[in-house]
>>> print(open('run_27.txt').read())   # compact mmCIF, C-alpha atoms
# COMPACT_ATOMS: atom_id res chain seq x y z
CA MET A 29 43.37 -3.89 14.16
CA ASN A 30 43.36 -6.07 17.23
CA LEU A 31 40.64 -8.64 17.37
CA ASN A 32 39.21 -9.35 20.77
CA LEU A 33 36.07 -10.22 22.70
CA THR A 34 34.24 -7.26 21.20
CA LEU A 35 33.73 -9.43 18.14
CA LEU A 36 31.89 -12.05 20.16
CA GLY A 37 29.99 -9.42 22.08
CA GLN A 38 28.84 -7.82 18.86
CA ALA A 39 27.88 -11.18 17.36
CA ILE A 40 25.85 -12.08 20.44
CA SER A 41 24.06 -8.75 20.61
CA PHE A 42 23.45 -9.00 16.89
CA ALA A 43 21.82 -12.39 17.35
CA ILE A 44 19.67 -11.12 20.22
CA PHE A 45 18.59 -8.03 18.30
CA VAL A 46 17.69 -10.03 15.24
CA TRP A 47 15.74 -12.48 17.36
CA PHE A 48 13.90 -9.65 19.08
CA CYS A 49 13.17 -7.95 15.78
CA MET A 50 11.96 -11.24 14.32
CA LYS A 51 9.70 -11.89 17.28
CA TYR A 52 8.27 -8.51 18.23
CA VAL A 53 8.83 -6.00 15.46
CA TRP A 54 8.63 -7.60 12.05
CA PRO A 55 5.42 -9.64 12.27
CA PRO A 56 3.10 -6.92 13.62
CA VAL A 57 4.39 -4.25 11.27
CA LEU A 58 4.27 -6.45 8.20
CA GLY A 59 0.90 -7.79 9.33
CA ALA A 60 -0.48 -4.27 9.57
CA LEU A 61 0.98 -3.45 6.17
CA ASN A 62 -0.63 -6.48 4.61
CA GLU A 63 -3.91 -5.78 6.34
CA ARG A 64 -3.92 -2.23 5.13
CA GLN A 65 -3.08 -3.42 1.65
CA ALA A 66 -6.01 -5.81 1.76
CA LYS A 67 -8.22 -3.04 3.13
CA ILE A 68 -7.23 -0.65 0.39
CA ALA A 69 -7.73 -3.31 -2.24
CA GLN A 70 -11.15 -4.05 -0.76
CA GLY A 71 -11.98 -0.34 -0.71
CA LEU A 72 -10.99 0.06 -4.34
CA ALA A 73 -12.99 -2.98 -5.32
CA ASP A 74 -15.97 -1.63 -3.38
CA ALA A 75 -15.64 1.75 -5.03
CA GLU A 76 -15.52 0.12 -8.42
CA GLN A 77 -18.52 -2.00 -7.61
CA GLY A 78 -20.35 1.08 -6.33
CA ALA A 79 -19.59 2.95 -9.53
CA GLN A 80 -20.79 0.01 -11.54
CA ARG A 81 -23.98 -0.20 -9.53
CA ARG A 82 -24.57 3.50 -9.96
CA GLU A 83 -24.13 3.12 -13.68
CA GLU A 84 -26.59 0.29 -13.70
CA ALA A 85 -29.02 2.32 -11.61
CA GLU A 86 -28.66 5.24 -14.00
CA GLU A 87 -29.38 2.97 -16.91
CA GLU A 88 -32.39 1.62 -15.11
CA ILE A 89 -33.59 5.11 -14.32
CA ALA A 90 -33.24 6.16 -17.92
CA GLN A 91 -35.14 3.10 -19.00
CA LEU A 92 -37.90 3.75 -16.47
CA VAL A 93 -38.16 7.38 -17.51
CA ASN A 94 -38.43 6.37 -21.15
CA GLU A 95 -41.08 3.82 -20.31
CA ALA A 96 -42.99 6.36 -18.28
CA LYS A 97 -42.77 8.87 -21.10
CA ALA A 98 -44.00 6.34 -23.60
CA GLN A 99 -46.81 5.36 -21.29
CA ALA A 100 -47.78 8.97 -20.71
CA ALA A 101 -47.78 9.61 -24.45
CA GLU A 102 -49.92 6.56 -24.97
CA ILE A 103 -52.35 7.69 -22.30
CA VAL A 104 -52.55 11.15 -23.82
CA ALA A 105 -53.12 9.66 -27.26
CA GLN A 106 -55.78 7.37 -25.91
CA ALA A 107 -57.46 10.23 -24.10
CA GLN A 108 -57.40 12.29 -27.25
CA LYS A 109 -58.83 9.46 -29.24
CA ARG A 110 -61.48 8.86 -26.66
CA GLY A 111 -62.31 12.57 -26.60
CA ASN A 112 -62.67 12.58 -30.36
CA GLU A 113 -64.84 9.52 -30.14
CA ILE A 114 -67.04 11.16 -27.53
CA ILE A 115 -67.38 14.23 -29.70
CA GLU A 116 -68.21 12.09 -32.70
CA GLU A 117 -70.68 10.10 -30.68
CA SER A 118 -72.40 13.17 -29.35
CA LYS A 119 -72.44 14.61 -32.84
CA THR A 120 -74.10 11.52 -34.23
CA GLY A 121 -76.39 11.32 -31.20
CA ALA A 122 -77.42 14.91 -31.62
CA ARG A 123 -77.91 14.47 -35.30
CA SER A 124 -80.12 11.41 -34.91
CA GLU A 125 -82.02 13.00 -32.08
CA GLY A 126 -82.69 16.04 -34.25
CA GLU A 127 -83.75 13.76 -37.03
CA ARG A 128 -86.04 11.87 -34.69
CA LEU A 129 -87.54 15.08 -33.32
CA LYS A 130 -88.04 16.35 -36.82
CA GLN A 131 -89.73 13.17 -37.84
CA ALA A 132 -91.97 13.23 -34.75
CA ALA A 133 -92.94 16.82 -35.50
CA GLN A 134 -93.59 15.90 -39.11
CA ALA A 135 -95.79 12.99 -37.97
CA GLU A 136 -97.67 15.24 -35.60
CA ILE A 137 -98.14 17.78 -38.33
CA ASP A 138 -99.38 15.05 -40.65
CA GLN A 139 -101.71 13.83 -37.94
CA GLU A 140 -102.97 17.36 -37.40
CA VAL A 141 -103.54 17.77 -41.12
CA VAL A 142 -105.46 14.51 -41.28
CA THR A 143 -107.52 15.46 -38.23
CA ALA A 144 -108.17 18.91 -39.61
CA ARG A 145 -109.08 17.45 -42.94
CA GLU A 146 -111.36 14.95 -41.23
CA ALA A 147 -112.99 17.74 -39.23
CA LEU A 148 -113.23 19.85 -42.34
CA ARG A 149 -114.80 17.01 -44.21
CA THR A 150 -117.51 16.44 -41.63
CA GLN A 151 -118.09 20.09 -41.44
CA VAL A 152 -118.27 20.31 -45.23
CA SER A 153 -120.91 17.60 -45.28
CA SER A 154 -123.01 19.26 -42.63
CA ILE A 155 -122.61 22.63 -44.38
CA ALA A 156 -123.56 21.00 -47.61
CA VAL A 157 -126.64 19.46 -46.04
CA GLN A 158 -127.62 22.73 -44.44
CA GLY A 159 -127.05 24.60 -47.69
CA ALA A 160 -129.06 22.08 -49.61
CA SER A 161 -131.94 22.12 -47.13
CA ARG A 162 -132.03 25.87 -47.34
CA ILE A 163 -132.13 25.76 -51.08
CA LEU A 164 -134.75 23.07 -51.15
CA GLY A 165 -136.62 24.71 -48.33
CA SER A 166 -137.21 21.53 -46.65
CA GLU A 167 -135.71 19.38 -44.22
CA ILE A 168 -133.57 16.72 -45.51
CA ASP A 169 -133.23 13.73 -43.47
CA PRO A 170 -129.52 13.32 -43.01
CA ALA A 171 -129.95 9.69 -42.21
CA ALA A 172 -131.71 9.14 -45.49
CA HIS A 173 -128.99 10.73 -47.42
CA ALA A 174 -126.07 9.58 -45.30
CA LYS A 175 -124.85 7.22 -47.92
CA VAL A 176 -124.73 9.97 -50.55
CA LEU A 177 -122.99 12.29 -48.16
CA ASP A 178 -120.45 9.74 -47.18
CA ASP A 179 -119.61 9.17 -50.80
CA LEU A 180 -119.28 12.89 -51.19
CA ILE A 181 -117.03 13.14 -48.21
CA GLU A 182 -114.93 10.40 -49.63
CA GLN A 183 -114.45 12.38 -52.79
CA ILE A 184 -113.24 15.53 -51.06
CA MET B 27 48.17 7.37 28.04
CA ALA B 28 45.56 9.98 28.68
CA VAL B 29 45.74 12.82 26.25
CA SER B 30 48.16 15.45 27.36
CA SER B 31 47.01 19.02 27.67
CA ASN B 32 48.76 20.00 24.45
CA PRO B 33 48.84 16.90 22.22
CA THR B 34 50.76 16.79 19.00
CA ALA B 35 48.79 16.03 15.87
CA SER B 36 49.79 12.40 15.83
CA GLU B 37 49.00 12.01 19.54
CA TYR B 38 45.62 13.60 18.92
CA ILE B 39 44.83 11.24 16.05
CA GLN B 40 46.06 8.16 17.87
CA HIS B 41 44.02 9.12 20.88
CA HIS B 42 40.90 9.44 18.78
CA LEU B 43 41.46 6.10 17.15
CA GLN B 44 41.99 4.21 20.41
CA ASN B 45 39.10 2.26 21.89
CA LEU B 46 38.33 2.09 25.56
CA VAL B 47 39.59 -1.42 26.31
CA LEU B 48 38.67 -3.48 29.35
CA GLY B 49 40.62 -6.66 29.75
CA VAL B 50 42.93 -8.81 31.73
CA HIS B 51 46.37 -7.28 31.55
CA PRO B 52 49.27 -9.63 32.35
CA GLU B 53 50.55 -7.22 34.98
CA ASN B 54 47.63 -5.02 36.02
CA GLY B 55 44.96 -7.73 36.07
CA LEU B 56 41.39 -6.80 35.07
CA SER B 57 41.55 -3.12 34.20
CA PHE B 58 41.01 -0.51 31.55
CA ALA B 59 43.96 -0.13 29.21
CA HIS B 60 45.74 3.16 29.62
CA SER B 61 47.50 3.04 26.29
CA ALA B 62 47.40 1.34 22.93
CA ALA B 63 50.34 -0.78 23.98
CA GLU B 64 48.58 -1.97 27.11
CA ALA B 65 45.49 -2.76 25.06
CA LYS B 66 47.65 -4.84 22.75
CA GLU B 67 49.12 -6.77 25.64
CA MET B 68 45.66 -7.80 26.81
CA GLY B 69 45.34 -9.87 23.65
CA PHE B 70 42.06 -11.49 22.68
CA TRP B 71 40.49 -11.52 26.11
CA ALA B 72 39.65 -7.87 26.22
CA ILE B 73 36.60 -5.94 25.21
CA HIS B 74 36.04 -2.53 23.66
CA VAL B 75 33.66 -1.07 26.20
CA ASP B 76 32.91 2.03 24.14
CA SER B 77 32.13 0.09 20.97
CA MET B 78 29.90 -2.30 22.85
CA PHE B 79 28.20 0.50 24.76
CA TRP B 80 27.35 2.56 21.69
CA SER B 81 26.47 -0.39 19.51
CA ILE B 82 24.16 -2.00 22.05
CA GLY B 83 22.76 1.37 23.04
CA LEU B 84 21.94 2.23 19.43
CA GLY B 85 20.55 -1.25 18.89
CA LEU B 86 18.28 -0.78 21.87
CA ILE B 87 17.11 2.60 20.56
CA PHE B 88 16.31 0.96 17.25
CA LEU B 89 14.38 -1.89 18.86
CA TRP B 90 12.63 0.37 21.37
CA LEU B 91 11.48 2.70 18.62
CA PHE B 92 10.30 -0.05 16.33
CA LYS B 93 8.72 -2.02 19.14
CA LYS B 94 6.83 1.06 20.23
CA ALA B 95 5.52 1.51 16.70
CA ALA B 96 4.72 -2.20 16.44
CA ASP B 97 2.77 -2.16 19.71
CA ASN B 98 0.59 0.74 18.66
CA ILE B 99 0.25 -0.38 15.12
CA THR B 100 -3.02 0.13 13.33
CA ASN B 101 -4.10 -0.77 9.85
CA GLY B 102 -6.01 2.49 9.69
CA VAL B 103 -4.41 5.88 9.26
CA PRO B 104 -0.84 5.63 10.65
CA GLY B 105 0.85 8.21 12.86
CA PRO B 106 4.23 9.72 12.02
CA LEU B 107 6.27 7.09 13.88
CA GLN B 108 4.30 4.23 12.38
CA ASN B 109 4.65 5.86 8.99
CA PHE B 110 8.41 5.94 9.34
CA VAL B 111 8.63 2.39 10.67
CA GLU B 112 6.37 1.12 7.93
CA LEU B 113 8.46 2.89 5.36
CA MET B 114 11.58 1.16 6.61
CA VAL B 115 9.95 -2.23 6.91
CA GLU B 116 8.40 -1.97 3.48
CA PHE B 117 11.66 -0.82 1.94
CA VAL B 118 13.55 -3.73 3.48
CA ASP B 119 10.77 -6.15 2.64
CA ASN B 120 10.82 -5.06 -0.99
CA SER B 121 14.59 -5.40 -1.14
CA VAL B 122 14.29 -8.91 0.28
CA LYS B 123 11.48 -9.88 -2.09
CA GLU B 124 13.36 -8.62 -5.13
CA THR B 125 16.46 -10.61 -4.33
CA PHE B 126 15.46 -13.54 -2.20
CA ASN B 127 13.27 -16.14 -3.84
CA GLY B 128 12.86 -18.61 -1.01
CA LYS B 129 10.64 -18.27 1.99
CA SER B 130 12.21 -17.41 5.29
CA ASN B 131 10.95 -15.77 8.44
CA LEU B 132 14.46 -14.79 9.42
CA ILE B 133 15.77 -12.86 6.48
CA GLY B 134 13.35 -9.91 6.67
CA PRO B 135 13.98 -9.05 10.32
CA LEU B 136 17.66 -9.81 9.81
CA ALA B 137 17.91 -7.36 6.93
CA LEU B 138 15.92 -4.74 8.83
CA THR B 139 18.12 -5.06 11.89
CA ILE B 140 21.26 -4.84 9.79
CA PHE B 141 20.09 -1.83 7.86
CA VAL B 142 18.76 0.28 10.71
CA TRP B 143 21.35 -0.72 13.25
CA ILE B 144 24.31 -0.15 10.96
CA PHE B 145 22.77 3.09 9.80
CA LEU B 146 22.48 4.31 13.40
CA MET B 147 26.03 3.22 14.20
CA ASN B 148 27.28 4.98 11.07
CA LEU B 149 25.25 8.04 11.98
CA MET B 150 27.44 8.51 15.05
CA ASP B 151 30.11 9.49 12.57
CA LEU B 152 28.34 12.82 12.08
CA VAL B 153 28.60 13.70 15.75
CA PRO B 154 31.49 16.18 16.09
CA VAL B 155 34.64 14.14 16.69
CA ASP B 156 35.66 15.93 19.86
CA LEU B 157 32.30 16.32 21.54
CA VAL B 158 31.82 12.98 23.25
CA PRO B 159 35.52 12.21 23.89
CA ARG B 160 35.88 15.59 25.64
CA ILE B 161 32.88 14.88 27.85
CA ALA B 162 34.24 11.41 28.54
CA THR B 163 37.63 12.82 29.46
CA ALA B 164 35.93 15.29 31.76
CA ILE B 165 34.24 12.48 33.68
CA GLY B 166 37.44 10.42 33.82
CA ILE B 167 37.20 8.11 30.84
CA ASP B 168 40.41 8.19 28.84
CA TYR B 169 39.24 6.85 25.53
CA MET B 170 35.92 7.08 23.81
CA LYS B 171 35.34 6.03 20.22
CA ILE B 172 31.69 6.59 19.55
CA VAL B 173 31.33 5.10 16.05
CA PRO B 174 31.07 1.36 16.57
CA THR B 175 31.42 0.60 12.86
CA THR B 176 34.93 2.05 12.87
CA ASP B 177 35.83 -0.88 15.09
CA VAL B 178 36.71 -3.89 12.97
CA ASN B 179 35.54 -6.19 15.76
CA VAL B 180 32.03 -4.87 15.39
CA THR B 181 31.83 -5.20 11.63
CA LEU B 182 33.53 -8.58 11.69
CA GLY B 183 31.23 -9.71 14.49
CA MET B 184 28.24 -8.97 12.29
CA SER B 185 29.68 -10.34 9.08
CA LEU B 186 30.77 -13.57 10.79
CA SER B 187 27.24 -13.97 12.12
CA VAL B 188 26.01 -13.61 8.58
CA PHE B 189 28.67 -16.09 7.48
CA ALA B 190 27.41 -18.56 10.07
CA LEU B 191 23.93 -18.16 8.64
CA ILE B 192 25.26 -18.73 5.13
CA ILE B 193 26.88 -21.99 6.21
CA TYR B 194 23.82 -23.01 8.21
CA TYR B 195 21.38 -22.44 5.37
CA SER B 196 23.70 -23.96 2.77
CA ILE B 197 23.83 -27.16 4.78
CA LYS B 198 20.17 -27.04 5.71
CA ILE B 199 18.94 -26.53 2.16
CA LYS B 200 21.47 -28.55 0.19
CA GLY B 201 22.58 -31.01 2.83
CA ALA B 202 26.18 -31.38 3.97
CA SER B 203 27.05 -33.46 0.91
CA GLY B 204 25.34 -31.04 -1.45
CA PHE B 205 27.20 -28.14 0.07
CA MET B 206 30.51 -29.97 -0.15
CA ALA B 207 29.76 -30.95 -3.73
CA GLU B 208 29.11 -27.33 -4.55
CA LEU B 209 32.47 -26.43 -3.10
CA ALA B 210 34.40 -29.31 -4.64
CA LEU B 211 32.83 -29.89 -8.06
CA GLN B 212 32.56 -26.33 -9.31
CA PRO B 213 33.40 -24.33 -11.31
CA PHE B 214 35.54 -26.89 -13.16
CA SER B 215 33.75 -30.05 -14.00
CA SER B 216 34.22 -32.94 -16.35
CA ASP B 217 32.41 -36.07 -17.43
CA ASN B 218 35.59 -38.00 -16.98
CA LYS B 219 35.76 -39.28 -13.40
CA ILE B 220 39.54 -39.02 -13.09
CA ILE B 221 39.68 -35.46 -14.37
CA LYS B 222 36.79 -34.65 -12.06
CA VAL B 223 38.77 -35.89 -9.08
CA LEU B 224 41.79 -33.96 -10.25
CA PHE B 225 39.73 -30.80 -10.39
CA ILE B 226 38.59 -31.14 -6.77
CA PRO B 227 41.52 -29.38 -5.10
CA VAL B 228 41.41 -26.54 -7.61
CA ASN B 229 37.69 -26.12 -7.11
CA LEU B 230 38.01 -26.32 -3.36
CA LEU B 231 40.62 -23.61 -3.41
CA LEU B 232 38.60 -21.30 -5.65
CA GLU B 233 35.26 -21.82 -3.96
CA GLY B 234 36.83 -21.77 -0.51
CA VAL B 235 38.45 -18.42 -1.16
CA GLY B 236 35.16 -17.16 -2.55
CA LEU B 237 33.33 -18.33 0.53
CA ILE B 238 35.82 -16.91 3.01
CA ALA B 239 35.95 -13.65 1.09
CA LYS B 240 32.27 -13.04 1.75
CA PRO B 241 32.43 -12.21 5.46
CA ILE B 242 35.85 -10.59 5.18
CA SER B 243 34.83 -8.26 2.38
CA LEU B 244 31.52 -7.53 4.10
CA ALA B 245 33.26 -6.53 7.31
CA LEU B 246 36.18 -4.67 5.78
CA ARG B 247 34.09 -2.69 3.33
CA LEU B 248 32.00 -1.23 6.11
CA PHE B 249 34.91 -0.82 8.47
CA GLY B 250 37.13 0.76 5.83
CA ASN B 251 34.57 3.29 4.70
CA LEU B 252 33.64 4.42 8.16
CA TYR B 253 37.20 4.33 9.49
CA ALA B 254 38.38 6.47 6.61
CA GLY B 255 35.47 8.83 7.05
CA GLU B 256 36.14 9.18 10.74
CA LEU B 257 39.84 9.68 10.12
CA ILE B 258 39.14 12.51 7.73
CA PHE B 259 36.87 14.16 10.29
CA ILE B 260 39.70 13.87 12.79
CA LEU B 261 42.15 15.40 10.32
CA ILE B 262 39.75 18.23 9.62
CA ALA B 263 39.51 18.77 13.37
CA LEU B 264 43.24 19.55 13.35
CA LEU B 265 42.62 22.68 11.32
CA PRO B 266 42.17 26.01 13.05
CA TRP B 267 38.61 26.20 14.38
CA PHE B 268 37.51 29.02 12.03
CA LEU B 269 38.50 27.00 8.95
CA GLN B 270 37.09 23.65 9.96
CA TRP B 271 33.61 24.22 8.60
CA THR B 272 34.95 24.75 5.06
CA LEU B 273 35.88 21.08 4.94
CA SER B 274 33.81 19.43 7.61
CA VAL B 275 30.49 20.63 6.19
CA PRO B 276 31.02 19.28 2.66
CA TRP B 277 32.52 16.09 4.02
CA ALA B 278 29.60 15.62 6.42
CA ILE B 279 27.09 16.16 3.64
CA PHE B 280 28.92 13.68 1.46
CA HIS B 281 29.14 11.34 4.39
CA ILE B 282 25.36 11.26 4.80
CA LEU B 283 25.37 9.42 1.50
CA VAL B 284 28.14 7.09 2.60
CA ILE B 285 26.56 6.05 5.87
CA VAL B 286 23.23 5.18 4.26
CA LEU B 287 24.92 3.51 1.33
CA GLN B 288 27.17 1.35 3.50
CA ALA B 289 24.23 0.24 5.63
CA PHE B 290 22.32 -0.56 2.48
CA ILE B 291 25.23 -2.45 0.91
CA PHE B 292 25.73 -4.56 4.01
CA MET B 293 22.03 -5.40 4.03
CA MET B 294 21.80 -6.15 0.31
CA LEU B 295 24.89 -8.33 0.30
CA THR B 296 23.57 -10.25 3.28
CA ILE B 297 20.34 -10.88 1.40
CA VAL B 298 22.24 -11.87 -1.74
CA TYR B 299 24.55 -14.24 0.13
CA LEU B 300 21.68 -15.89 1.96
CA SER B 301 19.74 -16.10 -1.27
CA MET B 302 22.71 -17.88 -2.85
CA ALA B 303 22.86 -20.22 0.12
CA HIS B 304 19.20 -21.12 -0.51
CA GLU B 305 19.66 -21.85 -4.19
CA HIS B 306 20.60 -25.14 -5.73
CA HIS B 307 23.09 -25.12 -8.51
>>> encode(input="run_27.txt", output="structure tokens")
Amino acid sequence: MNLNLTLLGQAISFAIFVWFCMKYVWPPVLGALNERQAKIAQGLADAEQGAQRREEAEEEIAQLVNEAKAQAAEIVAQAQKRGNEIIEESKTGARSEGERLKQAAQAEIDQEVVTAREALRTQVSSIAVQGASRILGSEIDPAAHAKVLDDLIEQI
Amino acid sequence: MAVSSNPTASEYIQHHLQNLVLGVHPENGLSFAHSAAEAKEMGFWAIHVDSMFWSIGLGLIFLWLFKKAADNITNGVPGPLQNFVELMVEFVDNSVKETFNGKSNLIGPLALTIFVWIFLMNLMDLVPVDLVPRIATAIGIDYMKIVPTTDVNVTLGMSLSVFALIIYYSIKIKGASGFMAELALQPFSSDNKIIKVLFIPVNLLLEGVGLIAKPISLALRLFGNLYAGELIFILIALLPWFLQWTLSVPWAIFHILVIVLQAFIFMMLTIVYLSMAHEHH
């Protein structure tokens, strides 16, 4: 165990190596490590955020779908209601129209009856006059007996 | 003393444990030592060329590899090299964060350098003990010890550097007086001024030993483990060639654990010591 200059030589090279390592090796490697660590942390955070956003989007989608379904159901219900209303309306319309037509026909019939009766009445009076003139064998002046005939007609 | 063609066991072992020493010999001048005795005569002003070569070479491989990864670094999907480098850096960074509470730009790279460099130097232990020395002998180099951490100069060089940092940060963070107070007024303390003064030498002795023990234990732990491991590989290499694998394979497998563990221990203790230097008591 003889100590000699080797000791100093080793100490000097040690110092130089450490200096070199400190200057050119350690900072870039550690820097890259830290950067990567930050990058990975960022990536994980992003992934988490993405997952959260997706969840939110899914919730939103579900909500929208539900809304749309409700709206569709409402529209269908409304349409059904409206359809029923239209049917009811047309039913009532048809019914009233029928009624109206029936009434008009009835009125016409009544009118016809009145007219016929009127015609019949005049005819009855003239027949009566003719019959009477034949029986009496003479001419009866209708004008002279108009008042009597009118009364008669009134009675029929 | 180049190895003779038919060395005895002890010659073989001694040869394997001898560094390639370049120094100023009192008689031969600046030259490589040809024997352990010559190396000893050179005294302090000599250098282990093999230790320095392998240690600096491995250090350069480490820095080249990591620099290459650092230059092409991306915060996207990493390649295999970047993956490996990031793994190491992250491992070291976590170890530092767990232990060291202060903020320092030095301690991370320091710990990384210690861990990877010492690991690479220890890894040389798994290279067959005769391979490189034989090649070296063939090209005319007498001695070649390829595991730098089996050289106490290398481990002590590193641990004393760490020790210097401990002292530097202790003084920087606590101030010279604070550091001295920590050494002189602990662990024994008293409200009585006179007793407090009387305790100072005792405290200084205890804390001083504790402080000095840090770099010594750091260096010797690593050196001892690797030296012993290498020695056992050398002893196994003395067996007949067809029996060597029965011991060298299990020992090598076990040694994989040792070399990583020793690198890790050196790193962790450095972090702990520097963390202690940063803390106020």
>>> closest_residue(input="run_27.txt", among="B:Leu91, B:Val235, B:Ile73, B:Met147", to="Leu107 (chain B)", atoms="only C-alpha atoms")
B:Leu91
>>> residues_around(input="run_27.txt", residues="Ala289 (chain B)", least_positions_apart="3", cutoff="9 Å", atoms="only C-alpha atoms", output="list in words")
Ile140, Phe141, Val142, Trp143, Ile144, Phe145, Leu146, Asn148, Leu248, Val284, Ile285, Val286, Phe292, Met293 and Met294 of chain B
>>> interface_residues(input="run_27.txt", of="chain A", to="chain B", cutoff="7 Å", atoms="only C-alpha atoms", output="number ranges by chain")
A: 29, 31-36, 38-39, 41-42, 46, 49-50, 52-54, 56-57, 60-61, 63-64
>>> atom_distance(input="run_27.txt", atom1="CA of Trp80 (chain B)", atom2="CA of Asn251 (chain B)")
18.5 Å
>>> residues_around(input="run_27.txt", residues="region 151-160 of chain A", least_positions_apart="2", cutoff="8 Å", atoms="only C-alpha atoms", output="list in words")
Ala147, Leu148, Arg149, Arg162, Ile163, Leu164, Ile168, Pro170, Leu177, Leu180 and Ile181 of chain A
>>> atom_distance(input="run_27.txt", atom1="CA of Ile221 (chain B)", atom2="CA of Met302 (chain B)")
27.0 Å
>>> atom_distance(input="run_27.txt", atom1="CA of Phe45 (chain A)", atom2="CA of Leu237 (chain B)")
25.3 Å
>>> axis_aligned_box(input="run_27.txt", around="region 83-89 of chain B", padding_each_side="3 Å", output="AutoDock Vina command-line options")
--center_x 18.6 --center_y 0.4 --center_z 20.1 --size_x 14.4 --size_y 10.5 --size_z 11.8
